[in-house]
Structures are given as structure tokens and as C-alpha cells.
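Novice: Pasting in a structure now, in C-alpha cells, and then I'll have a few things to ask.
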Amino acid sequence: MKLVLSKIWLAAFTSLISSSLFNNAPNAADAYFIGTGIGDITGPVTEINLMGYADLNQVGTGLHMREFSRAYIVASSATAGATDRILFINSDIAMGDTGVRRSILKGLASAYPDGRYVENNVAFVGTHQHSGVGGYLENVLPQITSLGYVKQTADAIVTGTLAAVKKAEASLTEGTLSYGSAEVLNANINRSPTAYLANPATERARYKYDQDKDMSLLKFADKSGKALGFLSFFAVHGTSIYQNNTLVSTDNKGMAAYLYESSVESTAAPGNTSFVAGFVQANVGDTSPNTDGAFCEAPGKGYDGQPCEAQHSTCGETADECHGRGPAFRISDFASNEIIGRKQFEGAQTLMGKTLTTVSGNVRGIHVFLKMANHTFTLDNGTSVSTCPAAMGYAFAGGTTDGPGTFGFTQGDNSSDPQNPFWEIVKGAVTPAPSAAQVACQDPKPILLNTGYATSPYKWTPDTVDIQMLRVGQFVMLIVPGELTTMAGRRLREAVKASLVSQGILGSDAYVVVAGPANTYAHYITTKEEYGVQRYEGASTIFGQWTLDAYIKRYSELLPYLGDTVPTTAPSSDAAPPDLTGSAISLTAGVVFDAAPAGKSFGQVSTDVNATYAVGQKASASFVGANPRNNLRLGGTFLTVDKLGTNNQWSTYRTDSHPDTVYRWVRDSTALGTSTVTLEWTIPTSTPAGTYRFTYYGDSKPLIGSISAFTGSSGNFTVTK
């Protein structure tokens, strides 16, 4: 008996020592080393096109809320290398980009030369908001409305993201991860329900809604149990703020992050909290935050105020008067944005207050490149199929109910009948005419822009994409280079989970989420059935009807690299896409010079505040300004609202990233170099009574010489209850 006990004790001791010394997986306490950080990535807020709606007229005139990158590190130990460490970057931008990610990886390699961050373990995900600064993507098509590549935008994203990672590295501490999900209602609708209905009835019957209502959340906590932050995954388009907006902002996910972070650290300025709230985009493709539905906005016409025609989203047979309405559309799109952001904030808050499922297991990451143009593979039934070189369909130009198109194009038409005779004449001059093989491959999509064959002055759309997955324990994140529709996302998640279990990589408790658009923007990913309907999402599924199946196949093939025992040989990968930034074209002129009007100086008040404002009113002041492109003030601010304390000292009460402040810039004279800056503050009802003022922070550029900083302050004003 003693011998048996001795053998049992020896075996247990040996196992403990072996586990402690040689096993990378967290042990009894399910502990990881985790870190979070946030960095300002706001590019030039004036004179640059905003990214998302592809509207030439949507050029920045100021700032509502700054854009941030939020970085999350999970490592199996304090010294874990790339094999046992992941870095998830959630950025307040429309989508990830190959060139920006390449620059981030280069910066990480320089900052951390031990190789802890590589292609495999760094995910760069956009929240898909449509109010951010544009011009940072390296392909031609998204550069058309930004008049080419805007290096200042891209550099700001890289600089701020690296700052976020640096903070996350500095905050690394032993801690735990846990996850759960909760239903979030009245925060999204399906904007293409007729396409969704094309999916098999038996498949649709498995789901309560025609879009995902569940929010998944991964909680980060230190070893004492104190929450450090989270990553939440919920599908809703970043189109609460409308197409006619020209203020740089962060839409509903940025608002949700602000609400959560400020609820934890109410006195910290946005972007300076230690708690980091990540609201990640999921299978967003056919979702909308405009939850009241789509209606005709056509004053004086008989159909004004009527619901849009469902199949084509038209009013009077055209798309341009069909607009989605947010929950507060009668007040403003910014009010709707706050409501949809608050819904997500409350969903996350509910989950963070619950006892969640503990994460336990290894940390893994895998990444390959996949050339999607003419990618041939075999379906599960043995059929050989192929994707296509990229092409955009007619309905791409028709737009969506969140942002309708022009030129007479509509959604939901898969015929080859011309929708715009003029475009039929000129489209061959824009992109090469499609071959018979391309037409057949993309069928039933009628091709408007044959972008896969457009290479002048450089590639219009990517033909190679990033396929990436990250694993922490039983929680698996599929990092997707496009916008999955609701059902496409469900199919991908379910296929990957089934394969994880069937291959013995994880048990039945495997939890799979999708995140994107990430790393590269390859537009949309619909189901084959939705593709056949050819609404906007199908027309923008650039690689053809087998796109989703190709992704499912490749993600599933790579799952062994997430296992506890990783294959000794690297997975096959296509070549990385070329760096296009070296040949990029930019038609945006730099700032030539700034000048103050005769007899005035920069920062001087031109229109002062009123003496008194009640809460709920808008205070404002205007100043002799200079172009904010001279200095982005990353990590800083263009404005403060200052409060006079009992010690007769001023302290900062608001910055330019609080949602109740606005910074506006107007060019008065290009020839004279003069401009005006207006600062606004809609005073919240919670504001203490007292004495306040505005301070404007600017930077002027002379015709000859260097840029110099200046400040200006308004007169004092009193806030009353």
C-alpha cells in the first residue's frame, strides 16, 4: 500500500514539475499574462475625405470624437514568444489594411527585436465606422474619393497603434480571462432581408432573428479579480452617423467604448483610461444601426415618408431617396449614434457583471496569405470549384439604405440588362472589359467594374487576402478580411467549431467568434444564395459565389496550428501582396501657409461666448485659426473646456474627444491663408454650476519658416442649473 501511494505521489510530483517547467498552457489558476493599452490614431480632421460612404463631398471640416486603437495582449507567460502570445488590435477605422498592418509589424519588430510579434499573432481589426479619416488604404478603389493615398492618415494610425501596444506591454500582469454572451436587442436590423430570405428555410428556422443579436465578450482581469478591460463582439454597421456628416468621429462602437471607459474612470480624459473597452465588429455585412427601417425622403413627392420598396430599396424607381432611419432620426443622427452605442455599452456592462466561463488552455496564432483570384478547391461533396478575379456588380453602385448610391443603379437585380446606359459606354474606359470566362465565373453578378484586371496606376482591389486565427484556451477568434453577412458568419463559425471538435483540437466547449473587416479589405462575403439575389452585399462579394466556401475551407485546414501540439512544418501560404505605397498617388495638396487677418493674431477671439448658459444649451466661441493638418496633436487635444476651481485655478473639464464638444474649422480665404476655428460645447445636465472657458490649441505654418504652436482662450462664462 505504501509502495502504491509512493508511486502515486511520485507520479503526481513528476507531473507537477513537468507541467510547471515544460507546458505552455496555464495551470491550476488558469492564469495568463495580459495587457491592455489605448492610443490616439486620429488623422487630419480637415480637407480629407472621410472613409466608408465613398462620397466625394464628405470632406472633413472638424472633429467630434478622436479615433483610437485599443491593444490587447495575451501570453502564456511573462517571457512568452510569438508562439504563445497574441496581440489583438481593435481600431476606430473603417477596416484593416495590408499596408498599414505591414507598417505596424515593422514598427513592432523594431520596438521588440526578440520577435515576439510576427504575422501569425498580430490581428489588425477595424470597427467599420464610416466617420473616420480616409486615404489610408493602399488599393486604388477606396482611394478614388480620398483623391489618392493620404500618408498622414496612415502614419497617424501606425503611430497611435504602436503607442497602444507600448502601453499594453507596460501593463502586462498576471491575470485571468473569461467569456460569455448576452442578447442585445434594438441595436441592429438586417438591411437586406430579401437576400437573407434566399437562404434555405430549414437553415433560417434554426435562428430567431435575421441578424445576430448575441454579444460575445472576453473579459480581462488581474489575479485579484479587478477588471482591466474586455473585447466584445457584436454585429452592427458603423453607419449611425449619416453620409452628410463632415466631422471626424467614431460612430456607435467608438461611442460605446467612450461610455464604458468613462463609466469606470469618470475623471480621465478619453484615451487616457487604464481600463480599455473593445467593441469589436463581427459578421456585419447586412446589418444596420438604423433600426426604424428604410423610408423615402422625398419632400413634395407622393411617396415621401413611405417605406422603401423592399427588393430594390428604391423610391420612385431610384435608390438615392431611400434612407435608413436611426432610433432618434427626428432629433439627429448623433442622437441615434448615442442610443446604439449605449445599447452595446449596456450589453457589455451586463456581461461584465456576471460570472463568466473561465478560459483555460494554450495561446496560439496562425496566419497565411491566400490568393483569392482563381483559387481552385474542392467542396465537401467532391465538386471542384473556383473563385474569380475581383469584380463589382451593378448593385455596388446602388449603395445601401445606410448610404444610397447614385447614377440610377439599384440593388437586387441580377440580370445583365443595363441600369445606366452612359455607364455601359464608359465603364470599359474605367476598368478593362471582362472576358467571357470572367463573366461566367462571376455569374449571376452583372459586372460593373472589372477591378481584378485593373492595375493602372496600381491594383484597384486586392487579389490576395490574410487568413488568420487566434486562440486563447477554448476561445477562438477568426480574423476575417471582409464583411461577412449574418448567415455567412454563422456558417463560418459553425464549420470551424465542428472541425475543431472533430479533429480533437478542442472539446465541445470551443467558443468561436468572427472579427473583421481585418488586416486586408476584400469587401463582402455572402452565402451563395444571397449572392444570387445581387443586392449590395452580393454585388460587393468580389471573388464570386464561392467566396464563403473558399474561406471556410482554408480556415478549417489551418486549425491544427491552433492545437496544443503544433505541426512542425509551416502551413503553405501564397505570396504576400506587394507594397503599393511606394507608387501611391496623392492629389491632396499640403498646407501652404496660414495667416491671421490684418491687425489680428492666431488664437485671438473673433466671436466670444455669452456670459451665461443653462445646462442643455450650446456654448460656442470662434477664434482666428490655423489649419489643424499642421499638427494632429496625437494624444493631445485641439480644445479644452476649463473649469475655474475654488482655488482660482483652471482645470481641464472637457477635451476634443468628449462627445459633447465639437471642433470646427473653416477656410476663409485660400489666397490669404486665413481660417476660423469654432469650439462648441453642448452642456450636459450633469455639469456642475460654475465658471468655465474655452481654450483653443493650434499650430500655424508660415510661408517660410517652421510650424509654431499657439493658444487662445475665450472669455469666462457661467453655467447655471
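Chain lettering (A, B, ...) mirrors the order of the C-alpha cells, residue numbering begins at 1 for each chain separately, and ligand numbering begins at 1 in order of display.
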Could you list, as number ranges by chain, every residue within 7 Å of Arg191 (chain A), counting only C-alpha atoms and ignoring same-chain residues fewer than 3 positions away?
Specialist: A: 286-288, 401
Novice: Dump C-alpha atoms for the selected residues as a CSV table (one decimal), in the first residue's frame?
Specialist:
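New file result_32.csv:
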```csv
chain,number,residue,atom,x,y,z
A,286,ASP,CA,-26.0,43.0,-43.9
A,287,THR,CA,-26.6,44.7,-40.6
A,288,SER,CA,-27.7,48.3,-39.9
A,401,THR,CA,-30.2,52.0,-47.2
```
Novice: Per residue of region 532-610 of chain A within 12 Å of region 118-129 of chain A, what are the shortest atom pair and its distance in Å to one decimal, counting only C-alpha atoms, with rows by chain and residue number, as a Markdown table?
Specialist:
```
| residue | atom | partner | partner_atom | distance |
| --- | --- | --- | --- | --- |
| A:Leu558 | CA | A:Asn120 | CA | 11.7 |
| A:Tyr561 | CA | A:Asn120 | CA | 10.2 |
| A:Leu562 | CA | A:Asn120 | CA | 10.9 |
| A:Ala570 | CA | A:Asn120 | CA | 10.8 |
| A:Pro571 | CA | A:Asn120 | CA | 11.0 |
| A:Ser573 | CA | A:Asn120 | CA | 11.8 |
| A:Ala576 | CA | A:Glu119 | CA | 10.7 |
```
Novice: Put those residues in a file: N, CA, C and O atoms, as a compact mmCIF listing (two decimals), in the first residue's frame.
Specialist:
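result17.txt written:
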```txt
# COMPACT_ATOMS: atom_id res chain seq x y z
N LEU A 558 -6.35 25.11 -41.50
CA LEU A 558 -5.30 25.65 -40.64
C LEU A 558 -5.50 25.34 -39.15
O LEU A 558 -4.64 25.69 -38.33
N TYR A 561 -2.88 24.16 -36.44
CA TYR A 561 -1.89 25.11 -35.93
C TYR A 561 -2.37 25.86 -34.69
O TYR A 561 -1.62 26.62 -34.09
N LEU A 562 -3.62 25.62 -34.31
CA LEU A 562 -4.13 26.15 -33.05
C LEU A 562 -4.08 25.10 -31.94
O LEU A 562 -4.44 25.38 -30.80
N ALA A 570 5.63 24.60 -41.36
CA ALA A 570 4.76 25.76 -41.52
C ALA A 570 3.68 25.47 -42.55
O ALA A 570 3.90 24.69 -43.49
N PRO A 571 2.52 26.09 -42.42
CA PRO A 571 1.47 25.87 -43.42
C PRO A 571 1.83 26.51 -44.75
O PRO A 571 2.61 27.46 -44.81
N SER A 573 1.47 28.86 -47.86
CA SER A 573 0.96 30.23 -47.96
C SER A 573 1.30 30.79 -49.32
O SER A 573 2.38 30.55 -49.85
N ALA A 576 2.96 37.13 -50.21
CA ALA A 576 2.37 38.34 -49.64
C ALA A 576 2.08 39.34 -50.76
O ALA A 576 2.82 39.40 -51.76
```
Novice: Check the smallest atom-to-atom distance from each of A:Leu141, A:Val592, A:Leu63, A:Ala198 to Asn245 (chain A) using only C-alpha atoms, then report the winner.
Specialist: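 Of all the options, A:Leu63 lies closest to Asn245 (chain A).
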Novice: Have a look at A:Ala373, A:Ala269, A:Ile467, A:Ala454 and name the one nearest to Val641 (chain A); count only C-alpha atoms.
Specialist: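 So, comparing all the options, the nearest one is A:Ala269.
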Novice: As an mmCIF file with N, CA and C atoms, in the first residue's frame, list the residues of region 409-643 of chain A assigned to helix (DSSP H, G or I) by DSSP on the backbone atoms of this structure.
Specialist:
```cif
data_model
loop_
_atom_site.group_PDB
_atom_site.id
_atom_site.type_symbol
_atom_site.label_atom_id
_atom_site.label_comp_id
_atom_site.auth_asym_id
_atom_site.auth_seq_id
_atom_site.Cartn_x
_atom_site.Cartn_y
_atom_site.Cartn_z
ATOM 1 N N PRO A 421 -27.286 53.528 -69.148
ATOM 2 C CA PRO A 421 -26.695 53.441 -70.491
ATOM 3 C C PRO A 421 -25.356 54.159 -70.616
ATOM 4 N N PHE A 422 -25.211 55.291 -69.920
ATOM 5 C CA PHE A 422 -23.946 56.019 -70.001
ATOM 6 C C PHE A 422 -22.803 55.179 -69.445
ATOM 7 N N TRP A 423 -23.060 54.538 -68.285
ATOM 8 C CA TRP A 423 -22.018 53.691 -67.695
ATOM 9 C C TRP A 423 -21.683 52.508 -68.603
ATOM 10 N N GLU A 424 -22.653 52.003 -69.343
ATOM 11 C CA GLU A 424 -22.370 50.916 -70.269
ATOM 12 C C GLU A 424 -21.344 51.345 -71.311
ATOM 13 N N ILE A 425 -21.367 52.637 -71.655
ATOM 14 C CA ILE A 425 -20.424 53.150 -72.654
ATOM 15 C C ILE A 425 -19.043 53.377 -72.047
ATOM 16 N N VAL A 426 -19.012 53.965 -70.831
ATOM 17 C CA VAL A 426 -17.724 54.416 -70.287
ATOM 18 C C VAL A 426 -17.050 53.406 -69.364
ATOM 19 N N LYS A 427 -17.767 52.364 -68.894
ATOM 20 C CA LYS A 427 -17.155 51.504 -67.880
ATOM 21 C C LYS A 427 -15.909 50.783 -68.396
ATOM 22 N N GLY A 428 -15.865 50.528 -69.719
ATOM 23 C CA GLY A 428 -14.680 49.887 -70.281
ATOM 24 C C GLY A 428 -13.461 50.784 -70.252
ATOM 25 N N ALA A 429 -13.689 52.092 -70.167
ATOM 26 C CA ALA A 429 -12.571 53.027 -70.050
ATOM 27 C C ALA A 429 -12.098 53.160 -68.618
ATOM 28 N N VAL A 430 -12.957 52.731 -67.652
ATOM 29 C CA VAL A 430 -12.603 52.809 -66.241
ATOM 30 C C VAL A 430 -11.822 51.572 -65.819
ATOM 31 N N ALA A 436 -15.194 36.570 -71.412
ATOM 32 C CA ALA A 436 -16.319 35.645 -71.289
ATOM 33 C C ALA A 436 -16.139 34.749 -70.073
ATOM 34 N N ALA A 437 -14.890 34.352 -69.809
ATOM 35 C CA ALA A 437 -14.616 33.495 -68.648
ATOM 36 C C ALA A 437 -14.909 34.235 -67.340
ATOM 37 N N GLN A 438 -14.565 35.522 -67.279
ATOM 38 C CA GLN A 438 -14.837 36.308 -66.080
ATOM 39 C C GLN A 438 -16.344 36.508 -65.891
ATOM 40 N N VAL A 439 -17.043 36.770 -66.964
ATOM 41 C CA VAL A 439 -18.500 36.928 -66.884
ATOM 42 C C VAL A 439 -19.134 35.645 -66.373
ATOM 43 N N ALA A 440 -18.685 34.508 -66.899
ATOM 44 C CA ALA A 440 -19.237 33.220 -66.472
ATOM 45 C C ALA A 440 -18.889 32.928 -65.023
ATOM 46 N N CYS A 441 -17.679 33.259 -64.615
ATOM 47 C CA CYS A 441 -17.241 32.985 -63.243
ATOM 48 C C CYS A 441 -18.034 33.821 -62.250
ATOM 49 N N GLN A 442 -18.268 35.090 -62.569
ATOM 50 C CA GLN A 442 -18.957 35.986 -61.656
ATOM 51 C C GLN A 442 -20.482 35.846 -61.725
ATOM 52 N N THR A 451 -12.550 45.038 -61.518
ATOM 53 C CA THR A 451 -11.409 45.549 -60.757
ATOM 54 C C THR A 451 -10.253 44.572 -60.652
ATOM 55 N N GLY A 452 -10.509 43.286 -60.761
ATOM 56 C CA GLY A 452 -9.426 42.312 -60.659
ATOM 57 C C GLY A 452 -8.424 42.419 -61.783
ATOM 58 N N TYR A 453 -8.841 43.026 -62.874
ATOM 59 C CA TYR A 453 -7.951 43.206 -64.024
ATOM 60 C C TYR A 453 -7.490 44.648 -64.165
ATOM 61 N N THR A 486 -24.801 38.062 -42.106
ATOM 62 C CA THR A 486 -25.249 37.333 -40.921
ATOM 63 C C THR A 486 -25.119 35.826 -41.109
ATOM 64 N N MET A 487 -25.723 35.295 -42.173
ATOM 65 C CA MET A 487 -25.718 33.845 -42.365
ATOM 66 C C MET A 487 -24.343 33.338 -42.763
ATOM 67 N N ALA A 488 -23.591 34.126 -43.512
ATOM 68 C CA ALA A 488 -22.227 33.719 -43.858
ATOM 69 C C ALA A 488 -21.387 33.577 -42.598
ATOM 70 N N GLY A 489 -21.530 34.503 -41.677
ATOM 71 C CA GLY A 489 -20.798 34.423 -40.417
ATOM 72 C C GLY A 489 -21.201 33.214 -39.601
ATOM 73 N N ARG A 490 -22.488 32.918 -39.573
ATOM 74 C CA ARG A 490 -22.952 31.743 -38.841
ATOM 75 C C ARG A 490 -22.359 30.468 -39.424
ATOM 76 N N ARG A 491 -22.364 30.378 -40.744
ATOM 77 C CA ARG A 491 -21.818 29.170 -41.386
ATOM 78 C C ARG A 491 -20.327 29.018 -41.101
ATOM 79 N N LEU A 492 -19.585 30.116 -41.173
ATOM 80 C CA LEU A 492 -18.151 30.042 -40.918
ATOM 81 C C LEU A 492 -17.877 29.636 -39.474
ATOM 82 N N ARG A 493 -18.548 30.262 -38.524
ATOM 83 C CA ARG A 493 -18.346 29.924 -37.114
ATOM 84 C C ARG A 493 -18.677 28.464 -36.846
ATOM 85 N N GLU A 494 -19.811 28.020 -37.365
ATOM 86 C CA GLU A 494 -20.243 26.653 -37.091
ATOM 87 C C GLU A 494 -19.325 25.627 -37.741
ATOM 88 N N ALA A 495 -18.882 25.899 -38.960
ATOM 89 C CA ALA A 495 -17.990 24.963 -39.642
ATOM 90 C C ALA A 495 -16.666 24.842 -38.907
ATOM 91 N N VAL A 496 -16.128 25.968 -38.453
ATOM 92 C CA VAL A 496 -14.847 25.939 -37.745
ATOM 93 C C VAL A 496 -15.000 25.225 -36.400
ATOM 94 N N LYS A 497 -16.062 25.503 -35.680
ATOM 95 C CA LYS A 497 -16.249 24.825 -34.397
ATOM 96 C C LYS A 497 -16.387 23.318 -34.596
ATOM 97 N N ALA A 498 -17.179 22.912 -35.576
ATOM 98 C CA ALA A 498 -17.355 21.481 -35.829
ATOM 99 C C ALA A 498 -16.029 20.822 -36.162
ATOM 100 N N SER A 499 -15.201 21.514 -36.925
ATOM 101 C CA SER A 499 -13.899 20.958 -37.296
ATOM 102 C C SER A 499 -12.941 20.935 -36.109
ATOM 103 N N LEU A 500 -12.984 21.960 -35.268
ATOM 104 C CA LEU A 500 -12.162 21.954 -34.048
ATOM 105 C C LEU A 500 -12.463 20.733 -33.186
ATOM 106 N N VAL A 501 -13.736 20.426 -33.055
ATOM 107 C CA VAL A 501 -14.149 19.308 -32.216
ATOM 108 C C VAL A 501 -13.835 17.979 -32.894
ATOM 109 N N SER A 502 -14.168 17.858 -34.184
ATOM 110 C CA SER A 502 -13.970 16.584 -34.883
ATOM 111 C C SER A 502 -12.495 16.229 -35.019
ATOM 112 N N LYS A 528 -23.863 31.710 -50.905
ATOM 113 C CA LYS A 528 -24.102 31.516 -52.340
ATOM 114 C C LYS A 528 -25.524 31.946 -52.708
ATOM 115 N N GLU A 529 -26.470 31.650 -51.816
ATOM 116 C CA GLU A 529 -27.861 32.008 -52.085
ATOM 117 C C GLU A 529 -28.062 33.524 -52.099
ATOM 118 N N GLU A 530 -27.447 34.217 -51.152
ATOM 119 C CA GLU A 530 -27.546 35.676 -51.111
ATOM 120 C C GLU A 530 -26.855 36.309 -52.313
ATOM 121 N N TYR A 531 -25.773 35.700 -52.727
ATOM 122 C CA TYR A 531 -25.045 36.193 -53.903
ATOM 123 C C TYR A 531 -25.957 36.207 -55.119
ATOM 124 N N GLY A 532 -26.813 35.195 -55.236
ATOM 125 C CA GLY A 532 -27.718 35.103 -56.379
ATOM 126 C C GLY A 532 -28.726 36.221 -56.456
ATOM 127 N N VAL A 533 -29.034 36.851 -55.308
ATOM 128 C CA VAL A 533 -30.015 37.941 -55.282
ATOM 129 C C VAL A 533 -29.402 39.244 -55.780
ATOM 130 N N TYR A 536 -26.601 44.840 -52.590
ATOM 131 C CA TYR A 536 -25.286 45.474 -52.460
ATOM 132 C C TYR A 536 -24.229 44.486 -51.972
ATOM 133 N N GLU A 537 -24.594 43.684 -50.973
ATOM 134 C CA GLU A 537 -23.614 42.781 -50.370
ATOM 135 C C GLU A 537 -23.137 41.728 -51.374
ATOM 136 N N GLY A 538 -24.071 41.180 -52.171
ATOM 137 C CA GLY A 538 -23.681 40.203 -53.181
ATOM 138 C C GLY A 538 -22.870 40.832 -54.299
ATOM 139 N N ALA A 539 -23.255 42.039 -54.702
ATOM 140 C CA ALA A 539 -22.513 42.732 -55.759
ATOM 141 C C ALA A 539 -21.103 43.083 -55.318
ATOM 142 N N THR A 547 -16.918 32.419 -52.692
ATOM 143 C CA THR A 547 -16.033 33.112 -51.757
ATOM 144 C C THR A 547 -16.133 32.537 -50.345
ATOM 145 N N LEU A 548 -17.328 32.431 -49.809
ATOM 146 C CA LEU A 548 -17.502 31.922 -48.445
ATOM 147 C C LEU A 548 -16.962 30.510 -48.306
ATOM 148 N N ASP A 549 -17.253 29.651 -49.266
ATOM 149 C CA ASP A 549 -16.783 28.267 -49.187
ATOM 150 C C ASP A 549 -15.257 28.198 -49.208
ATOM 151 N N ALA A 550 -14.631 29.087 -49.975
ATOM 152 C CA ALA A 550 -13.166 29.117 -50.001
ATOM 153 C C ALA A 550 -12.606 29.490 -48.638
ATOM 154 N N TYR A 551 -13.226 30.464 -47.988
ATOM 155 C CA TYR A 551 -12.778 30.853 -46.657
ATOM 156 C C TYR A 551 -12.986 29.721 -45.658
ATOM 157 N N ILE A 552 -14.158 29.110 -45.669
ATOM 158 C CA ILE A 552 -14.430 28.010 -44.732
ATOM 159 C C ILE A 552 -13.386 26.911 -44.901
ATOM 160 N N LYS A 553 -13.078 26.589 -46.130
ATOM 161 C CA LYS A 553 -12.104 25.530 -46.416
ATOM 162 C C LYS A 553 -10.718 25.887 -45.859
ATOM 163 N N ARG A 554 -10.271 27.115 -46.095
ATOM 164 C CA ARG A 554 -8.906 27.472 -45.691
ATOM 165 C C ARG A 554 -8.795 27.634 -44.177
ATOM 166 N N TYR A 555 -9.780 28.256 -43.545
ATOM 167 C CA TYR A 555 -9.732 28.360 -42.084
ATOM 168 C C TYR A 555 -9.715 26.969 -41.459
ATOM 169 N N SER A 556 -10.519 26.057 -41.976
ATOM 170 C CA SER A 556 -10.594 24.703 -41.410
ATOM 171 C C SER A 556 -9.278 23.956 -41.582
ATOM 172 N N GLU A 557 -8.622 24.149 -42.723
ATOM 173 C CA GLU A 557 -7.350 23.471 -42.982
ATOM 174 C C GLU A 557 -6.257 23.895 -42.002
ATOM 175 N N LEU A 559 -6.591 24.718 -38.795
ATOM 176 C CA LEU A 559 -6.910 24.510 -37.386
ATOM 177 C C LEU A 559 -5.858 23.719 -36.607
ATOM 178 N N PRO A 560 -5.158 22.741 -37.208
ATOM 179 C CA PRO A 560 -4.116 22.054 -36.432
ATOM 180 C C PRO A 560 -3.074 22.997 -35.832
ATOM 181 N N TYR A 561 -2.879 24.163 -36.442
ATOM 182 C CA TYR A 561 -1.889 25.112 -35.929
ATOM 183 C C TYR A 561 -2.373 25.859 -34.689
ATOM 184 N N LEU A 562 -3.622 25.620 -34.309
ATOM 185 C CA LEU A 562 -4.130 26.145 -33.048
ATOM 186 C C LEU A 562 -4.076 25.104 -31.942
ATOM 187 N N THR A 581 2.455 51.305 -51.492
ATOM 188 C CA THR A 581 2.561 52.691 -51.020
ATOM 189 C C THR A 581 3.680 53.457 -51.721
ATOM 190 N N GLY A 582 4.705 52.738 -52.191
ATOM 191 C CA GLY A 582 5.810 53.409 -52.869
ATOM 192 C C GLY A 582 5.399 54.030 -54.190
ATOM 193 N N SER A 583 4.358 53.469 -54.811
ATOM 194 C CA SER A 583 3.895 54.005 -56.096
ATOM 195 C C SER A 583 2.575 54.746 -55.957
ATOM 196 N N PRO A 628 -5.519 72.592 -38.912
ATOM 197 C CA PRO A 628 -5.143 71.542 -37.955
ATOM 198 C C PRO A 628 -4.291 70.432 -38.563
ATOM 199 N N ARG A 629 -4.146 70.439 -39.892
ATOM 200 C CA ARG A 629 -3.246 69.452 -40.501
ATOM 201 C C ARG A 629 -1.786 69.749 -40.192
ATOM 202 N N ASN A 630 -1.500 70.934 -39.677
ATOM 203 C CA ASN A 630 -0.119 71.270 -39.313
ATOM 204 C C ASN A 630 0.389 70.412 -38.162
#
```
Novice: When you count only C-alpha atoms, which of these residues is closest to Thr711 (chain A): A:Val100, A:Leu672, A:Ala277, A:Leu639?
Specialist: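 So, comparing all the options, the nearest one is A:Leu639.
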Novice: I'd like the interatomic distance between CA of Phe409 (chain A) and CA of Asn450 (chain A), to a tenth of an Å.
Specialist: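 About the pair CA of Phe409 (chain A) and CA of Asn450 (chain A): they are 16.6 Å apart.
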Novice: May I have the residues within 6 Å of Ser622 (chain A) as a short mmCIF file (atom, residue, chain, number, x, y, z; two decimals) with C-alpha atoms, in the first residue's frame, using only C-alpha atoms and disregarding those fewer than 2 positions away in the same chain?
Specialist:
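As a result, part_5.cif now contains:
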```cif
data_model
loop_
_atom_site.label_atom_id
_atom_site.label_comp_id
_atom_site.auth_asym_id
_atom_site.auth_seq_id
_atom_site.Cartn_x
_atom_site.Cartn_y
_atom_site.Cartn_z
CA VAL A 605 -11.22 85.51 -30.14
CA SER A 606 -13.35 86.63 -33.07
CA THR A 607 -16.75 85.78 -31.58
CA VAL A 677 -11.98 77.80 -35.69
CA THR A 678 -15.21 77.44 -33.73
#
```
Novice: Do you have, as a Markdown table, the list of residues of region 514-533 of chain A lying at most 6 Å from region 91-99 of chain A, each with its nearest atom pair and that distance in Å to one decimal, counting only C-alpha atoms and ordered by chain then number?
Specialist:
```
| residue | atom | partner | partner_atom | distance |
| --- | --- | --- | --- | --- |
| A:Pro517 | CA | A:Met95 | CA | 5.1 |
| A:Ala518 | CA | A:Gly96 | CA | 4.4 |
| A:Asn519 | CA | A:Gly96 | CA | 4.4 |
| A:Thr520 | CA | A:Asp97 | CA | 4.4 |
```
Novice: Which residue, A:Gly43, A:Gly625, A:Gly698, A:Gly341, has the smallest gap to Ser675 (chain A) when you use only C-alpha atoms?
Specialist: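 Nearest candidate to Ser675 (chain A) out of A:Gly43, A:Gly625, A:Gly698, A:Gly341: A:Gly625.
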Novice: Which of these residues is nearest to Thr588 (chain A), using only C-alpha atoms: A:Ile144, A:Ile73, A:Ala298, A:Ile447?
Specialist: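 Answer, going by the shortest atom-to-atom distance: A:Ile144.
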Novice: Could you pull the residues within 8 Å of region 171-182 of chain A, counting only C-alpha atoms, minus those fewer than 5 positions along the same chain, as number ranges by chain?
Specialist: A: 30-37, 73, 78, 214-225, 347, 350-351, 356-359, 475
Novice: Enter the distance from CA of Thr612 (chain A) to CA of Thr718 (chain A), in Å, rounded to one decimal.
Specialist: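 According to the coordinates, CA of Thr612 (chain A) and CA of Thr718 (chain A) are separated by 4.7 Å.
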Novice: Using only C-alpha atoms, find the one residue out of A:Gly353, A:Pro432, A:Gly134, A:Gly229 that sits nearest to Thr273 (chain A).
Specialist: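 Smallest distance to Thr273 (chain A) is found for A:Gly229.
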Novice: Could you give me, as a PyMOL selection string, each residue of region 120-194 of chain A that DSSP assigns to strand (DSSP E) when run on this structure's backbone?
Specialist: chain A and resi 122-126+132-133+173-183+189-190
Novice: Would you write out those residues with C-alpha atoms, as a PDB file, in the first residue's frame?
Specialist:
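Below you can see selection.pdb, which holds the result:
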```
ATOM      1  CA  VAL A 122      -0.930  40.192 -34.683  1.00  0.00           C
ATOM      2  CA  ALA A 123      -4.516  40.949 -35.737  1.00  0.00           C
ATOM      3  CA  PHE A 124      -5.430  44.421 -37.014  1.00  0.00           C
ATOM      4  CA  VAL A 125      -9.209  44.859 -36.921  1.00  0.00           C
ATOM      5  CA  GLY A 126     -11.349  47.855 -37.886  1.00  0.00           C
ATOM      6  CA  GLY A 132     -13.133  58.347 -39.712  1.00  0.00           C
ATOM      7  CA  VAL A 133     -10.346  59.925 -41.729  1.00  0.00           C
ATOM      8  CA  THR A 173       0.333  41.459 -15.453  1.00  0.00           C
ATOM      9  CA  GLU A 174      -0.725  38.012 -14.370  1.00  0.00           C
ATOM     10  CA  GLY A 175      -4.443  37.609 -14.738  1.00  0.00           C
ATOM     11  CA  THR A 176      -7.371  35.589 -15.978  1.00  0.00           C
ATOM     12  CA  LEU A 177      -9.704  35.504 -18.944  1.00  0.00           C
ATOM     13  CA  SER A 178     -13.366  34.558 -19.039  1.00  0.00           C
ATOM     14  CA  TYR A 179     -16.113  34.727 -21.618  1.00  0.00           C
ATOM     15  CA  GLY A 180     -19.861  34.754 -22.071  1.00  0.00           C
ATOM     16  CA  SER A 181     -22.667  36.065 -24.246  1.00  0.00           C
ATOM     17  CA  ALA A 182     -25.882  38.031 -23.873  1.00  0.00           C
ATOM     18  CA  GLU A 183     -28.673  39.168 -26.150  1.00  0.00           C
ATOM     19  CA  ILE A 189     -31.592  45.188 -38.098  1.00  0.00           C
ATOM     20  CA  ASN A 190     -30.955  43.363 -41.358  1.00  0.00           C
TER      21      ASN A 190
END
```
